[in-house]
>>> print(open('work_22.txt').read())   # compact mmCIF, C-alpha atoms
# COMPACT_ATOMS: atom_id res chain seq x y z
CA MET A 1099 -148.30 50.34 -59.02
CA LYS A 1100 -147.21 52.23 -55.92
CA GLU A 1101 -143.47 52.57 -55.59
CA TYR A 1102 -141.60 52.58 -52.28
CA ARG A 1103 -138.43 54.60 -52.07
CA GLN A 1104 -135.30 52.60 -51.31
CA SER A 1105 -133.19 53.51 -48.32
CA ALA A 1106 -130.41 56.08 -48.31
CA LEU A 1107 -128.11 53.16 -47.52
CA LEU A 1108 -128.87 51.56 -50.88
CA ASP A 1109 -128.43 54.93 -52.57
CA ARG A 1110 -124.84 54.93 -51.31
CA LEU A 1111 -123.99 51.74 -53.21
CA PRO A 1112 -121.67 52.19 -56.21
CA VAL A 1113 -123.01 51.58 -59.69
CA GLN A 1114 -122.26 48.07 -60.91
CA PHE A 1115 -119.94 49.12 -63.74
CA PHE A 1116 -119.66 45.67 -65.25
CA ALA A 1117 -123.39 45.26 -65.68
CA SER A 1118 -123.11 47.67 -68.60
CA LEU A 1119 -120.28 45.58 -70.10
CA VAL A 1120 -122.44 42.45 -69.92
CA GLY A 1121 -125.21 44.38 -71.63
CA LYS A 1122 -122.95 45.55 -74.44
CA VAL A 1123 -121.63 42.04 -75.08
CA SER A 1124 -125.15 40.58 -75.04
CA THR A 1125 -126.26 43.09 -77.67
CA TYR A 1126 -123.51 42.03 -80.08
CA VAL A 1127 -124.17 38.33 -79.46
CA LYS A 1128 -127.90 38.79 -80.10
CA GLU A 1129 -127.05 40.50 -83.38
CA GLY A 1130 -125.20 37.37 -84.45
CA TYR A 1131 -121.59 38.43 -83.94
CA ASP A 1132 -119.03 35.87 -82.78
CA VAL A 1133 -117.76 37.63 -79.65
CA ILE A 1134 -114.59 36.38 -77.96
CA ASN A 1135 -115.41 37.29 -74.37
CA LEU A 1136 -112.26 38.11 -72.42
CA GLY A 1137 -114.09 40.53 -70.17
CA GLN A 1138 -115.47 38.05 -67.68
CA GLY A 1139 -114.00 36.65 -64.48
CA ASN A 1140 -116.02 33.44 -64.49
CA PRO A 1141 -113.98 30.18 -64.73
CA ASP A 1142 -114.75 28.35 -67.98
CA GLN A 1143 -113.88 24.82 -66.80
CA PRO A 1144 -116.31 22.48 -65.01
CA THR A 1145 -116.00 21.48 -61.37
CA PRO A 1146 -113.91 18.28 -61.15
CA GLU A 1147 -116.06 15.18 -61.39
CA PHE A 1148 -114.98 13.72 -58.05
CA ILE A 1149 -116.32 16.82 -56.29
CA VAL A 1150 -119.62 16.64 -58.17
CA ARG A 1151 -119.98 12.97 -57.24
CA SER A 1152 -119.36 13.86 -53.60
CA LEU A 1153 -122.21 16.39 -53.74
CA GLN A 1154 -124.55 13.92 -55.41
CA LYS A 1155 -123.94 11.30 -52.77
CA ALA A 1156 -124.25 13.79 -49.90
CA ALA A 1157 -127.49 15.21 -51.32
CA GLU A 1158 -129.12 11.79 -50.88
CA ASN A 1159 -128.39 11.80 -47.15
CA PRO A 1160 -131.49 12.99 -45.23
CA ILE A 1161 -129.29 14.66 -42.59
CA ASN A 1162 -128.39 17.23 -45.25
CA HIS A 1163 -132.06 18.01 -45.87
CA LYS A 1164 -132.22 19.69 -42.46
CA TYR A 1165 -130.76 23.00 -41.37
CA SER A 1166 -127.03 22.64 -40.93
CA PRO A 1167 -125.31 24.23 -37.89
CA PHE A 1168 -125.33 28.02 -38.02
CA ARG A 1169 -121.57 28.28 -38.29
CA GLY A 1170 -120.96 25.27 -40.48
CA TYR A 1171 -120.08 21.68 -39.73
CA PRO A 1172 -116.98 21.21 -37.55
CA SER A 1173 -115.72 18.73 -40.17
CA LEU A 1174 -115.57 21.48 -42.81
CA LYS A 1175 -113.66 23.82 -40.53
CA GLN A 1176 -111.29 21.00 -39.65
CA ALA A 1177 -110.74 20.38 -43.37
CA VAL A 1178 -109.94 24.07 -43.84
CA ALA A 1179 -107.38 23.94 -41.03
CA LYS A 1180 -105.74 20.82 -42.49
CA PHE A 1181 -105.69 22.45 -45.94
CA TYR A 1182 -103.88 25.53 -44.62
CA LYS A 1183 -101.39 23.41 -42.72
CA LYS A 1184 -100.67 21.25 -45.77
CA GLU A 1185 -100.48 24.06 -48.32
CA TYR A 1186 -98.98 26.92 -46.32
CA GLY A 1187 -97.66 25.51 -43.06
CA VAL A 1188 -100.13 27.69 -41.14
CA ASP A 1189 -101.73 26.38 -37.93
CA LEU A 1190 -105.40 27.26 -37.44
CA ASP A 1191 -107.83 26.49 -34.63
CA PRO A 1192 -110.88 25.19 -36.54
CA GLU A 1193 -113.36 26.49 -33.98
CA THR A 1194 -112.02 29.99 -33.37
CA GLU A 1195 -109.95 30.88 -36.44
CA VAL A 1196 -112.18 29.67 -39.31
CA ALA A 1197 -115.48 31.19 -40.48
CA VAL A 1198 -117.51 29.52 -43.23
CA LEU A 1199 -118.68 31.97 -45.92
CA PHE A 1200 -121.28 32.00 -48.69
CA GLY A 1201 -118.47 32.56 -51.19
CA GLY A 1202 -115.56 34.94 -50.79
CA LYS A 1203 -117.57 37.95 -51.98
CA ALA A 1204 -120.00 37.62 -49.07
CA GLY A 1205 -117.17 37.86 -46.55
CA LEU A 1206 -115.57 40.83 -48.30
CA VAL A 1207 -118.85 42.76 -48.26
CA GLU A 1208 -119.75 41.70 -44.72
CA LEU A 1209 -116.44 42.55 -43.04
CA PRO A 1210 -116.74 46.35 -43.11
CA GLN A 1211 -120.16 46.01 -41.47
CA CYS A 1212 -118.59 43.83 -38.78
CA LEU A 1213 -115.73 46.15 -37.90
CA LEU A 1214 -116.57 49.74 -38.87
CA ASN A 1215 -118.58 52.50 -37.30
CA LEU A 1216 -119.99 55.52 -39.13
CA ASN A 1217 -117.33 57.36 -41.18
CA ASP A 1218 -114.46 55.08 -40.15
CA THR A 1219 -111.64 55.04 -42.70
CA VAL A 1220 -110.83 52.08 -44.95
CA LEU A 1221 -107.75 51.70 -47.16
CA VAL A 1222 -108.74 50.27 -50.55
CA PRO A 1223 -106.50 49.26 -53.49
CA ASP A 1224 -106.96 51.19 -56.74
CA PRO A 1225 -107.40 49.43 -59.13
CA GLY A 1226 -109.22 46.72 -57.20
CA TYR A 1227 -112.19 44.40 -56.96
CA PRO A 1228 -115.27 46.68 -57.12
CA ASP A 1229 -117.15 44.91 -54.32
CA TYR A 1230 -114.68 46.21 -51.73
CA LEU A 1231 -116.42 49.52 -52.33
CA SER A 1232 -119.85 47.96 -51.85
CA GLY A 1233 -119.04 46.68 -48.37
CA VAL A 1234 -117.61 50.00 -47.28
CA ALA A 1235 -120.66 51.85 -48.63
CA LEU A 1236 -123.05 49.56 -46.71
CA ALA A 1237 -121.03 50.16 -43.54
CA GLN A 1238 -121.10 53.92 -44.21
CA GLY A 1239 -117.33 54.06 -44.00
CA GLU A 1240 -114.97 56.44 -45.77
CA MET A 1241 -112.51 55.16 -48.37
CA VAL A 1242 -108.95 56.26 -48.97
CA MET A 1243 -107.56 54.75 -52.14
CA MET A 1244 -104.10 53.17 -52.34
CA PRO A 1245 -102.73 53.52 -55.89
CA LEU A 1246 -101.33 50.34 -57.45
CA GLU A 1247 -98.81 51.45 -60.05
CA GLU A 1248 -96.60 49.50 -62.41
CA LYS A 1249 -93.48 51.28 -61.15
CA ASN A 1250 -94.10 49.68 -57.74
CA HIS A 1251 -95.02 46.26 -59.16
CA PHE A 1252 -98.70 47.01 -58.45
CA LEU A 1253 -98.10 46.98 -54.70
CA PRO A 1254 -99.29 49.93 -52.58
CA ASP A 1255 -96.57 52.31 -51.40
CA TYR A 1256 -97.27 52.75 -47.70
CA ASN A 1257 -94.84 55.67 -47.52
CA LYS A 1258 -97.30 57.71 -49.58
CA ILE A 1259 -100.12 57.32 -47.06
CA SER A 1260 -100.22 60.25 -44.67
CA GLU A 1261 -99.75 59.70 -40.95
CA SER A 1262 -103.16 61.23 -40.25
CA VAL A 1263 -104.86 58.73 -42.57
CA LEU A 1264 -102.99 55.82 -41.03
CA GLU A 1265 -104.10 56.91 -37.57
CA LYS A 1266 -107.75 57.02 -38.65
CA ALA A 1267 -107.75 53.82 -40.73
CA LYS A 1268 -109.51 50.80 -39.23
CA LEU A 1269 -109.42 48.39 -42.16
CA MET A 1270 -107.27 47.64 -45.22
CA PHE A 1271 -108.10 45.47 -48.23
CA LEU A 1272 -105.35 43.68 -50.16
CA ASN A 1273 -105.55 41.07 -52.94
CA TYR A 1274 -102.63 38.98 -54.24
CA PRO A 1275 -102.47 37.39 -56.75
CA ASN A 1276 -104.21 40.54 -57.87
CA ASN A 1277 -107.38 41.21 -59.76
CA PRO A 1278 -107.10 42.99 -62.16
CA THR A 1279 -103.31 43.38 -62.59
CA GLY A 1280 -102.13 39.77 -62.18
CA ALA A 1281 -99.39 40.91 -59.78
CA THR A 1282 -98.21 38.81 -56.83
CA ALA A 1283 -96.97 39.83 -53.39
CA THR A 1284 -93.58 39.20 -51.81
CA GLU A 1285 -92.68 38.06 -48.30
CA GLU A 1286 -91.08 41.46 -47.72
CA PHE A 1287 -94.27 43.29 -48.68
CA PHE A 1288 -96.43 41.18 -46.37
CA ALA A 1289 -93.94 41.70 -43.53
CA GLU A 1290 -94.15 45.45 -44.10
CA THR A 1291 -97.95 45.16 -44.10
CA VAL A 1292 -98.02 43.33 -40.76
CA ALA A 1293 -95.71 45.92 -39.20
CA LEU A 1294 -97.93 48.76 -40.47
CA SER A 1295 -101.06 47.02 -39.21
CA LEU A 1296 -99.72 46.45 -35.72
CA GLN A 1297 -98.27 49.96 -35.45
CA HIS A 1298 -101.53 51.69 -36.43
CA ASP A 1299 -104.14 49.12 -35.32
CA ILE A 1300 -105.42 48.50 -38.86
CA CYS A 1301 -107.13 45.18 -39.58
CA VAL A 1302 -105.83 43.68 -42.83
CA VAL A 1303 -108.24 41.71 -45.01
CA HIS A 1304 -106.29 39.74 -47.60
CA ASP A 1305 -108.44 38.52 -50.48
CA PHE A 1306 -106.72 35.28 -51.53
CA ALA A 1307 -109.25 34.34 -54.22
CA TYR A 1308 -106.51 33.41 -56.74
CA GLY A 1309 -104.25 31.77 -54.19
CA ALA A 1310 -103.80 28.59 -56.20
CA ILE A 1311 -102.88 30.32 -59.46
CA GLY A 1312 -99.21 31.24 -59.69
CA PHE A 1313 -96.88 30.92 -62.68
CA ASP A 1314 -93.26 30.25 -63.56
CA GLY A 1315 -92.86 27.73 -60.75
CA LYS A 1316 -93.72 30.24 -58.04
CA LYS A 1317 -96.56 29.38 -55.67
CA PRO A 1318 -98.44 32.43 -54.34
CA ILE A 1319 -97.82 33.01 -50.66
CA SER A 1320 -100.51 33.28 -48.03
CA PHE A 1321 -100.64 36.43 -45.93
CA LEU A 1322 -100.95 34.18 -42.87
CA GLN A 1323 -97.49 32.74 -43.54
CA THR A 1324 -96.09 36.09 -42.38
CA PRO A 1325 -95.03 36.21 -38.71
CA GLY A 1326 -97.60 38.18 -36.74
CA ALA A 1327 -100.25 38.01 -39.48
CA LYS A 1328 -102.93 36.53 -37.22
CA ASP A 1329 -102.64 39.60 -35.00
CA ALA A 1330 -102.82 41.82 -38.07
CA GLY A 1331 -105.97 40.43 -39.68
CA ILE A 1332 -107.49 37.67 -41.77
CA GLU A 1333 -107.40 36.03 -45.14
CA ILE A 1334 -110.40 35.14 -47.28
CA TYR A 1335 -110.21 32.07 -49.49
CA THR A 1336 -112.77 30.81 -51.98
CA LEU A 1337 -113.19 27.48 -53.72
CA SER A 1338 -114.50 29.31 -56.81
CA LYS A 1339 -111.19 29.52 -58.65
CA THR A 1340 -109.10 26.77 -57.09
CA PHE A 1341 -111.69 24.07 -57.79
CA ASN A 1342 -113.90 25.74 -60.44
CA MET A 1343 -116.72 25.96 -57.90
CA ALA A 1344 -117.84 29.54 -58.62
CA GLY A 1345 -121.53 28.70 -58.68
CA TRP A 1346 -121.36 26.66 -55.49
CA ARG A 1347 -120.79 29.76 -53.32
CA VAL A 1348 -118.44 28.41 -50.69
CA GLY A 1349 -115.46 30.11 -49.10
CA PHE A 1350 -113.98 30.82 -45.69
CA ALA A 1351 -112.22 33.47 -43.63
CA VAL A 1352 -109.22 32.45 -41.54
CA GLY A 1353 -106.98 34.18 -39.07
CA ASN A 1354 -107.62 36.66 -36.27
CA LYS A 1355 -110.02 35.21 -33.67
CA SER A 1356 -111.83 38.47 -32.93
CA VAL A 1357 -112.55 39.10 -36.62
CA VAL A 1358 -113.71 35.52 -37.18
CA SER A 1359 -115.98 35.89 -34.14
CA ALA A 1360 -117.47 39.12 -35.51
CA LEU A 1361 -118.11 37.50 -38.88
CA ASN A 1362 -119.78 34.51 -37.26
CA LEU A 1363 -122.00 36.74 -35.15
CA TYR A 1364 -123.03 38.83 -38.14
CA GLN A 1365 -123.80 35.76 -40.23
CA ASP A 1366 -125.85 34.22 -37.39
CA HIS A 1367 -128.39 36.95 -38.12
CA LEU A 1368 -128.34 36.52 -41.91
CA TYR A 1369 -128.12 32.81 -42.62
CA VAL A 1370 -128.33 29.36 -41.14
CA SER A 1371 -125.41 27.88 -43.08
CA LEU A 1372 -124.45 26.34 -46.38
CA PHE A 1373 -126.38 23.33 -47.67
CA GLY A 1374 -124.80 20.38 -45.89
CA ALA A 1375 -124.13 18.49 -49.11
CA ILE A 1376 -122.11 21.42 -50.44
CA GLN A 1377 -120.12 21.44 -47.20
CA GLU A 1378 -119.34 17.75 -47.70
CA ALA A 1379 -118.27 18.40 -51.29
CA ALA A 1380 -116.05 21.24 -50.08
CA ILE A 1381 -114.39 18.85 -47.63
CA THR A 1382 -113.77 16.45 -50.53
CA ALA A 1383 -112.17 19.27 -52.54
CA LEU A 1384 -109.96 20.56 -49.72
CA SER A 1385 -108.82 17.04 -48.84
CA SER A 1386 -107.93 16.06 -52.42
CA SER A 1387 -104.47 15.37 -53.80
CA PHE A 1388 -104.45 18.71 -55.70
CA GLU A 1389 -103.67 17.01 -59.03
CA GLU A 1390 -106.68 18.73 -60.62
CA VAL A 1391 -105.58 22.11 -59.25
CA GLU A 1392 -102.08 21.65 -60.64
CA ARG A 1393 -103.56 20.71 -64.02
CA LEU A 1394 -105.75 23.80 -63.93
CA THR A 1395 -102.87 26.12 -63.07
CA SER A 1396 -100.78 24.58 -65.85
CA MET A 1397 -103.62 25.21 -68.29
CA TYR A 1398 -103.86 28.88 -67.28
CA GLU A 1399 -100.09 29.27 -67.60
CA SER A 1400 -100.17 27.76 -71.09
CA ARG A 1401 -102.99 30.10 -72.07
CA ARG A 1402 -101.07 33.05 -70.64
CA ASN A 1403 -97.97 32.16 -72.64
CA VAL A 1404 -99.92 31.72 -75.89
CA PHE A 1405 -101.77 35.01 -75.46
CA ILE A 1406 -98.86 37.16 -74.27
CA GLU A 1407 -96.44 35.83 -76.88
CA GLY A 1408 -99.12 36.29 -79.52
CA LEU A 1409 -99.59 39.93 -78.55
CA LYS A 1410 -95.83 40.51 -78.57
CA SER A 1411 -95.64 38.96 -82.06
CA ILE A 1412 -97.98 41.64 -83.42
CA GLY A 1413 -96.05 44.46 -81.79
CA TRP A 1414 -97.90 44.98 -78.52
CA LYS A 1415 -95.76 45.83 -75.48
CA VAL A 1416 -97.17 43.65 -72.71
CA GLU A 1417 -96.06 42.14 -69.42
CA ALA A 1418 -96.98 38.58 -68.48
CA PRO A 1419 -99.00 38.29 -65.25
CA SER A 1420 -97.31 36.34 -62.46
CA GLY A 1421 -100.59 35.07 -61.02
CA SER A 1422 -104.41 35.00 -61.33
CA PHE A 1423 -106.08 34.33 -64.69
CA PHE A 1424 -106.02 37.92 -65.94
CA ALA A 1425 -103.74 39.93 -68.22
CA TRP A 1426 -103.49 43.70 -67.59
CA LEU A 1427 -102.89 45.42 -70.92
CA LYS A 1428 -101.96 49.03 -71.59
CA VAL A 1429 -104.33 51.01 -73.79
CA PRO A 1430 -102.79 52.70 -76.87
CA ASN A 1431 -102.36 56.47 -76.81
CA GLY A 1432 -105.43 58.38 -77.86
CA TYR A 1433 -108.01 56.18 -76.12
CA THR A 1434 -109.54 56.00 -72.69
CA SER A 1435 -109.88 52.48 -71.33
CA GLU A 1436 -113.62 52.49 -72.02
CA GLU A 1437 -113.18 53.87 -75.53
CA PHE A 1438 -110.63 51.19 -76.35
CA ALA A 1439 -112.81 48.42 -74.92
CA ASP A 1440 -115.73 49.67 -77.02
CA TYR A 1441 -113.49 49.85 -80.07
CA LEU A 1442 -112.33 46.24 -79.63
CA LEU A 1443 -115.90 45.04 -79.18
CA ASP A 1444 -117.17 46.97 -82.20
CA LYS A 1445 -114.34 46.35 -84.66
CA ALA A 1446 -112.87 42.99 -83.55
CA HIS A 1447 -115.77 41.57 -81.53
CA ILE A 1448 -113.47 41.03 -78.57
CA ALA A 1449 -114.77 41.90 -75.10
CA VAL A 1450 -112.36 43.16 -72.45
CA ALA A 1451 -112.99 44.97 -69.17
CA PRO A 1452 -112.09 48.70 -69.12
CA GLY A 1453 -109.60 49.50 -66.39
CA ILE A 1454 -111.58 52.49 -65.16
CA GLY A 1455 -114.15 50.02 -63.82
CA PHE A 1456 -111.59 49.00 -61.20
CA GLY A 1457 -110.73 52.52 -60.08
CA GLU A 1458 -109.06 55.76 -61.12
CA TYR A 1459 -105.64 54.13 -61.41
CA GLY A 1460 -107.08 51.49 -63.70
CA GLU A 1461 -107.43 54.11 -66.40
CA GLY A 1462 -105.03 53.43 -69.25
CA TYR A 1463 -105.48 49.65 -69.07
CA VAL A 1464 -107.93 46.92 -70.00
CA ARG A 1465 -108.26 43.54 -68.31
CA ALA A 1466 -108.36 40.39 -70.43
CA GLY A 1467 -109.39 37.09 -68.87
CA LEU A 1468 -107.60 33.86 -69.82
CA LEU A 1469 -110.92 32.07 -69.60
CA THR A 1470 -111.27 30.60 -73.04
CA SER A 1471 -109.32 28.09 -75.10
CA GLU A 1472 -105.87 28.70 -76.56
CA GLU A 1473 -107.44 28.52 -80.02
CA ARG A 1474 -109.80 31.37 -79.18
CA LEU A 1475 -106.99 33.39 -77.61
CA LEU A 1476 -104.95 32.99 -80.80
CA GLU A 1477 -107.99 33.99 -82.82
CA ALA A 1478 -108.29 37.11 -80.66
CA VAL A 1479 -104.65 37.94 -81.43
CA GLU A 1480 -105.35 37.43 -85.14
CA ARG A 1481 -108.31 39.80 -85.00
CA LEU A 1482 -106.25 42.37 -83.08
CA SER A 1483 -103.50 42.22 -85.71
CA LYS A 1484 -105.95 43.48 -88.34
CA LEU A 1485 -107.07 46.54 -86.40
CA THR A 1486 -106.03 50.07 -87.22
CA ILE A 1487 -105.01 51.72 -83.94
CA LYS A 1488 -104.85 55.51 -83.69
>>> encode(input="work_22.txt", output="structure tokens")
Amino acid sequence: MKEYRQSALLDRLPVQFFASLVGKVSTYVKEGYDVINLGQGNPDQPTPEFIVRSLQKAAENPINHKYSPFRGYPSLKQAVAKFYKKEYGVDLDPETEVAVLFGGKAGLVELPQCLLNLNDTVLVPDPGYPDYLSGVALAQGEMVMMPLEEKNHFLPDYNKISESVLEKAKLMFLNYPNNPTGATATEEFFAETVALSLQHDICVVHDFAYGAIGFDGKKPISFLQTPGAKDAGIEIYTLSKTFNMAGWRVGFAVGNKSVVSALNLYQDHLYVSLFGAIQEAAITALSSSFEEVERLTSMYESRRNVFIEGLKSIGWKVEAPSGSFFAWLKVPNGYTSEEFADYLLDKAHIAVAPGIGFGEYGEGYVRAGLLTSEERLLEAVERLSKLTIK
């Protein structure tokens, strides 16, 4: 069959590193091995029943069988504004400061195309969520990586970014609680970020995907709680983690009016809007008492404690994450992150994500997801205790 060459734009896209990990795990599973998969980032719990019931009821309403408004129902945007006021004390104008998204990932990939011109500079965390790179590639921007190092609590050190880069930068991605490191941000760091943004005219995009998941009695802070943050940029929130709605593909961007307007305009040309019944279910979730979210966070914290203490009991030197549902583990001397991940899969049948898949500064680490039961996490520790490490 005749083949048509894909565009140079698609050629610029980064290789999906984790597709190879999925392939490796699938091979072992097909061969009959009992793989404990800690390499994924997909929540393992079901969507709360009251949200599912809301969808079922809304799906029966003929109004939801029609196209919904291009930019989402006003009632959903109003629910988002009320949610941010209740949870973070942040005031939002539902019409001008909220954009409905087809999941958080869509917004993260779309934003560079909304704000960048050819070869504009973007500041990107390293290690970081790989799809930041995808959006920049599609926008034909240029990336400058911001190292996230343990010595700086996995926060970027703005003093190490040259003045010339800061003057050229148009966009900056941040993500706290952080994937993959599990680090959280401080009020002081966000204040420094706003000051940098306003001084150099850099739009900040804060990926708040794990905003509900903080440990040790500390609730993660929203970037928009920082004075001046609406002038500095936006925050992207998803219902995927907070409400176990990953497959529902619903999120939103909130904050700076001009950025929200650009997102809405871009999406006008790509979509109509989310299925109306999903929007109604999202309203139900955002308007809930948050008891289910608190239960979920408590479950992740319990899993974290079991796993981290288990690793310490077998002699591993590890730090407990302060947020997200990931643990960021140092690789023993003598291995690259990919070699160690392959070794764990082959010898212990445990899947973890190699740190190099998140960037150059991810080398030397592997990411383990707390997305299985405590029993399976303890079994993983037991298997690890029997390994012979170089």
>>> residues_around(input="work_22.txt", residues="A:Tyr1227", least_positions_apart="2", cutoff="8 Å", atoms="all atoms listed in the file", output="ChimeraX atom specification")
/A:1225,1229-1230,1277-1278,1456
>>> axis_aligned_box(input="work_22.txt", around="stretch 1162-1167 of chain A", padding_each_side="6 Å", output="lines of an AutoDock Vina configuration file")
center_x = -128.8
center_y = 20.7
center_z = -41.9
size_x = 18.9
size_y = 19.0
size_z = 20.0
>>> atom_distance(input="work_22.txt", atom1="atom CA of A:Leu1206", atom2="atom CA of A:Leu1322")
17.0 Å
>>> residues_around(input="work_22.txt", residues="stretch 1308-1313 of chain A", least_positions_apart="3", cutoff="7 Å", atoms="all atoms listed in the file", output="ChimeraX atom specification")
/A:1275,1316-1318,1339-1340,1395,1399,1420-1422
>>> closest_atom_pairs(input="work_22.txt", of="stretch 1179-1247 of chain A", to="stretch 1367-1386 of chain A", cutoff="10 Å", atoms="only C-alpha atoms", output="tab-separated table")
residue	atom	partner	partner_atom	distance
A:Ala1179	CA	A:Leu1384	CA	9.7
A:Lys1180	CA	A:Ser1385	CA	8.0
A:Phe1181	CA	A:Leu1384	CA	6.0
A:Tyr1182	CA	A:Leu1384	CA	9.4
A:Lys1184	CA	A:Ser1385	CA	9.7
A:Val1198	CA	A:Ser1371	CA	8.1
A:Leu1199	CA	A:Leu1372	CA	8.1
A:Phe1200	CA	A:Leu1372	CA	6.9
A:Gly1201	CA	A:Leu1372	CA	9.9
>>> residues_near_point(input="work_22.txt", point="(-109.8, 42.0, -88.1)", cutoff="8 Å", atoms="only C-alpha atoms", output="list in words")
Lys1445, Ala1446, Glu1480, Arg1481, Leu1482, Ser1483, Lys1484 and Leu1485 of chain A
>>> closest_atom_pairs(input="work_22.txt", of="stretch 1389-1448 of chain A", to="stretch 1250-1254 of chain A", cutoff="12 Å", atoms="all atoms listed in the file", output="tab-separated table")
residue	atom	partner	partner_atom	distance
A:Glu1417	CA	A:His1251	CA	11.1
A:Pro1419	CA	A:His1251	CA	10.8
A:Ser1420	CA	A:His1251	CA	10.7
A:Trp1426	CA	A:Phe1252	CA	10.8
>>> residues_around(input="work_22.txt", residues="A:Gly1353", least_positions_apart="2", cutoff="10 Å", atoms="all atoms listed in the file", output="number ranges by chain")
A: 1188-1191, 1194-1197, 1303, 1321-1322, 1327-1334, 1351, 1355-1358
>>> residues_around(input="work_22.txt", residues="A:Asp1109", least_positions_apart="4", cutoff="12 Å", atoms="only C-alpha atoms", output="list in words")
Arg1103, Gln1104, Ser1105, Val1113, Ser1232, Ala1235, Leu1236 and Gln1238 of chain A
>>> write_last_selection(input="work_22.txt", atoms="C-alpha atoms", output="mmCIF file, in the coordinates of the input")
data_model
loop_
_atom_site.group_PDB
_atom_site.id
_atom_site.type_symbol
_atom_site.label_atom_id
_atom_site.label_comp_id
_atom_site.auth_asym_id
_atom_site.auth_seq_id
_atom_site.Cartn_x
_atom_site.Cartn_y
_atom_site.Cartn_z
ATOM 1 C CA ARG A 1103 -138.430 54.600 -52.070
ATOM 2 C CA GLN A 1104 -135.300 52.600 -51.310
ATOM 3 C CA SER A 1105 -133.190 53.510 -48.320
ATOM 4 C CA VAL A 1113 -123.010 51.580 -59.690
ATOM 5 C CA SER A 1232 -119.850 47.960 -51.850
ATOM 6 C CA ALA A 1235 -120.660 51.850 -48.630
ATOM 7 C CA LEU A 1236 -123.050 49.560 -46.710
ATOM 8 C CA GLN A 1238 -121.100 53.920 -44.210
#
>>> residues_near_point(input="work_22.txt", point="(-99.6, 58.8, -50.4)", cutoff="12 Å", atoms="all atoms listed in the file", output="VMD selection string")
chain A and resid 1221 1242 to 1246 1254 to 1264
>>> residues_around(input="work_22.txt", residues="A:Asn1140", least_positions_apart="4", cutoff="9 Å", atoms="only C-alpha atoms", output="JSON, numbers by chain")
{"A": [1338, 1339, 1342, 1344, 1467, 1469]}
>>> closest_residue(input="work_22.txt", among="A:Pro1144, A:Leu1272, A:Val1234, A:Gly1202", to="A:Asn1217", atoms="all atoms listed in the file")
A:Val1234
>>> atom_distance(input="work_22.txt", atom1="atom CA of A:Glu1208", atom2="atom CA of A:Leu1361")
7.4 Å
>>> atom_distance(input="work_22.txt", atom1="atom CA of A:Gln1176", atom2="atom CA of A:Ala1293")
29.4 Å
>>> closest_residue(input="work_22.txt", among="A:Asp1366, A:Glu1436, A:Glu1286, A:Asp1305", to="A:Phe1116", atoms="all atoms listed in the file")
A:Glu1436
>>> closest_residue(input="work_22.txt", among="A:Pro1325, A:Trp1346, A:Pro1210, A:Gly1239", to="A:Phe1271", atoms="only C-alpha atoms")
A:Pro1210
>>> closest_residue(input="work_22.txt", among="A:Gly1432, A:Thr1219, A:Leu1214, A:Leu1475", to="A:Val1404", atoms="all atoms listed in the file")
A:Leu1475
